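Notes follow once the structure below has been shown.
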Amino acid sequence: MKTDRVDTLKRFYKKHHRLPSYGEMLKLFGFSSKNSVFKMVKQFIEEGILQKHNGKLAPASKFFSLPLLGLVKAGYPILSEEDKKYLTLDEYLIEDPVTSFLLTVSGDSLIEMGIFDGDLVIIERRKNATAEDIVLAEIDRQWTLKILRKDKDRQKMYLASANAKYPPFYPIDELKIHGIVKAVVRKIH
C-alpha cells in the first residue's frame, strides 16, 4: 500500500516536475480528510522519502531509490531469488556529493577500460591521486581524462590512455590533477 502511494507520487513528479499539493494528494489517494494526507506526509518525511525544503515538500534521497532485487548470474542460468532492498544510485556511486560532479566523455582513449564516447563519469574533485587512478587532469594547460602512471626510469608522472593508438602523455611544463573518476554511467538504448 505504501509502495503504491510512493509510486503514485513518483508518477506525478515525473509528469509535473513537482510534488502534488496537499489538496491534490487528497484527490490522488482518495482520502476523505487532509489530516490523512498530513499523517502520510509525516510518515514519508520520517522515512526519508520526502523532506521539507524552504517550507515546501521536496523529494528526499529515498524518493529516487530503486528496488535492488538480488543477484543474477551472467554465466550459466540459475533460479533467481528475490531479496528486495532499496538503493539510491547517488548513494551507491557518489561517496562525497559535495566534491563530486559529472562530465560527459568525448573520445576513445579509455575504451580498453570500458569508458566510451558519450558515457558520463562521476568525478570526485581532488588534487592528489595515485598511480593507476583514472584522473581528470590538466596537462600543459589542456584538459583530459587519462590514467595516471609513474615512469620508473624517469621517476616522473605521466598520463596514459587505454587505447593502443594513443602514446603516453608526458608534461612539458606541468601536470595538475583536478579529480579522479569514481564511476561510469552508460545508458543502454
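For the C-alpha cells, the naming scheme is as follows: chains receive sequential letters (A, B, ...) according to their order of presentation, residues are indexed from 1 within each chain, and ligands are indexed from 1 in presentation order.
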
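Look at Asp119 of chain A: the protein and nucleic acid residues within 10 Å of it, using only C-alpha atoms and passing over chain neighbours fewer than 5 places away, are Leu103, Thr104, Val105, Ser106, Gly107, Gly114, Val184, Val185, Arg186 and Lys187 of chain A.
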
Can you write just those residues out, N, CA and C atoms, as an mmCIF file, in the first residue's frame?
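Saved to again-v7.cif:
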data_model
loop_
_atom_site.group_PDB
_atom_site.id
_atom_site.type_symbol
_atom_site.label_atom_id
_atom_site.label_comp_id
_atom_site.auth_asym_id
_atom_site.auth_seq_id
_atom_site.Cartn_x
_atom_site.Cartn_y
_atom_site.Cartn_z
ATOM 1 N N LEU A 103 30.794 14.614 -15.801
ATOM 2 C CA LEU A 103 31.302 15.069 -17.097
ATOM 3 C C LEU A 103 30.873 14.052 -18.146
ATOM 4 N N THR A 104 30.652 14.521 -19.359
ATOM 5 C CA THR A 104 30.374 13.629 -20.479
ATOM 6 C C THR A 104 31.691 13.358 -21.192
ATOM 7 N N VAL A 105 31.975 12.091 -21.433
ATOM 8 C CA VAL A 105 33.224 11.692 -22.087
ATOM 9 C C VAL A 105 33.118 11.950 -23.580
ATOM 10 N N SER A 106 34.178 12.500 -24.132
ATOM 11 C CA SER A 106 34.282 12.698 -25.575
ATOM 12 C C SER A 106 35.597 12.076 -26.023
ATOM 13 N N GLY A 107 35.531 11.087 -26.879
ATOM 14 C CA GLY A 107 36.742 10.450 -27.382
ATOM 15 C C GLY A 107 36.822 8.978 -27.018
ATOM 16 N N GLY A 114 36.761 0.355 -20.571
ATOM 17 C CA GLY A 114 35.302 0.314 -20.576
ATOM 18 C C GLY A 114 34.657 1.682 -20.478
ATOM 19 N N VAL A 184 31.351 5.220 -13.733
ATOM 20 C CA VAL A 184 30.976 5.460 -15.125
ATOM 21 C C VAL A 184 29.516 5.075 -15.269
ATOM 22 N N VAL A 185 28.757 5.920 -15.963
ATOM 23 C CA VAL A 185 27.339 5.668 -16.174
ATOM 24 C C VAL A 185 27.078 5.633 -17.674
ATOM 25 N N ARG A 186 26.424 4.566 -18.098
ATOM 26 C CA ARG A 186 26.100 4.433 -19.531
ATOM 27 C C ARG A 186 24.654 3.999 -19.636
ATOM 28 N N LYS A 187 23.914 4.688 -20.466
ATOM 29 C CA LYS A 187 22.522 4.324 -20.715
ATOM 30 C C LYS A 187 22.490 3.461 -21.977
#

Inset, instruction - Find the spatial neighbours of Ile177 of chain A, counting only C-alpha atoms, within a cut-off of 9 Å - ignore same-chain residues fewer than 5 positions away - and output them as a PyMOL selection string. - result: chain A and resi 125-129+135-139

Suppose we keep N, CA and C atoms; can you now write the selection as a PDB file, in the first residue's frame?
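Result file is part_31.pdb:
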ATOM      1  N   ARG A 125      36.309  15.662  -6.935  1.00  0.00           N
ATOM      2  CA  ARG A 125      37.313  16.719  -7.006  1.00  0.00           C
ATOM      3  C   ARG A 125      38.431  16.424  -6.015  1.00  0.00           C
ATOM      4  N   ARG A 126      39.666  16.307  -6.530  1.00  0.00           N
ATOM      5  CA  ARG A 126      40.865  16.052  -5.710  1.00  0.00           C
ATOM      6  C   ARG A 126      42.083  16.606  -6.425  1.00  0.00           C
ATOM      7  N   LYS A 127      43.074  16.984  -5.671  1.00  0.00           N
ATOM      8  CA  LYS A 127      44.316  17.465  -6.269  1.00  0.00           C
ATOM      9  C   LYS A 127      45.395  16.397  -6.265  1.00  0.00           C
ATOM     10  N   ASN A 128      45.158  15.311  -5.517  1.00  0.00           N
ATOM     11  CA  ASN A 128      46.158  14.243  -5.497  1.00  0.00           C
ATOM     12  C   ASN A 128      45.508  12.928  -5.931  1.00  0.00           C
ATOM     13  N   ALA A 129      46.308  12.083  -6.492  1.00  0.00           N
ATOM     14  CA  ALA A 129      45.837  10.776  -6.953  1.00  0.00           C
ATOM     15  C   ALA A 129      47.026   9.831  -6.892  1.00  0.00           C
ATOM     16  N   VAL A 135      42.107   9.840 -13.974  1.00  0.00           N
ATOM     17  CA  VAL A 135      42.075  11.206 -13.449  1.00  0.00           C
ATOM     18  C   VAL A 135      41.562  12.216 -14.468  1.00  0.00           C
ATOM     19  N   LEU A 136      40.989  13.275 -13.922  1.00  0.00           N
ATOM     20  CA  LEU A 136      40.718  14.477 -14.696  1.00  0.00           C
ATOM     21  C   LEU A 136      41.948  15.337 -14.488  1.00  0.00           C
ATOM     22  N   ALA A 137      42.688  15.567 -15.556  1.00  0.00           N
ATOM     23  CA  ALA A 137      43.975  16.240 -15.420  1.00  0.00           C
ATOM     24  C   ALA A 137      44.084  17.412 -16.389  1.00  0.00           C
ATOM     25  N   GLU A 138      44.950  18.326 -16.017  1.00  0.00           N
ATOM     26  CA  GLU A 138      45.321  19.446 -16.872  1.00  0.00           C
ATOM     27  C   GLU A 138      46.805  19.266 -17.158  1.00  0.00           C
ATOM     28  N   ILE A 139      47.106  18.950 -18.406  1.00  0.00           N
ATOM     29  CA  ILE A 139      48.491  18.739 -18.799  1.00  0.00           C
ATOM     30  C   ILE A 139      48.864  19.861 -19.767  1.00  0.00           C
TER      31      ILE A 139
END

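Take the candidates A:Met25, A:Leu19, A:Leu87, A:Ile134 and check each one against Lys39 of chain A using only C-alpha atoms; the shortest distance goes to A:Met25.
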
Inset, instruction - Find the distance between atom CA of Phe101 of chain A and atom CA of Lys10 of chain A and write it in Å to one decimal. - result: 24.6 Å

Inset, instruction - Would you please give, as a PyMOL selection string, all residues of chain A that DSSP assigns to helix (DSSP H, G or I) based on the backbone? - result: chain A and resi 2-16+22-29+34-46+61-64+89-93+111-113

Inset, instruction - Calculate how many Å separate atom CA of Phe38 of chain A from atom CA of Ser65 of chain A, rounding to one decimal. - result: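 Value for the atom CA of Phe38 of chain A-atom CA of Ser65 of chain A distance: 22.4 Å.
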
Can you list every residue of segment 40-149 of chain A that has an atom at most 10 Å from segment 30-36 of chain A, with its nearest atom pair and the distance in Å to one decimal, using only C-alpha atoms, ordered by chain then number, as CSV?
residue,atom,partner,partner_atom,distance
A:Met40,CA,A:Ser36,CA,6.2
A:Val41,CA,A:Ser36,CA,8.6
A:Lys42,CA,A:Ser36,CA,9.9

Legend entry - Nearest residue to Ile49 of chain A from the set A:Ile188, A:Leu159, A:Leu28, A:Val6 (distances using only C-alpha atoms):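 Result for the nearest residue to Ile49 of chain A: A:Val6.
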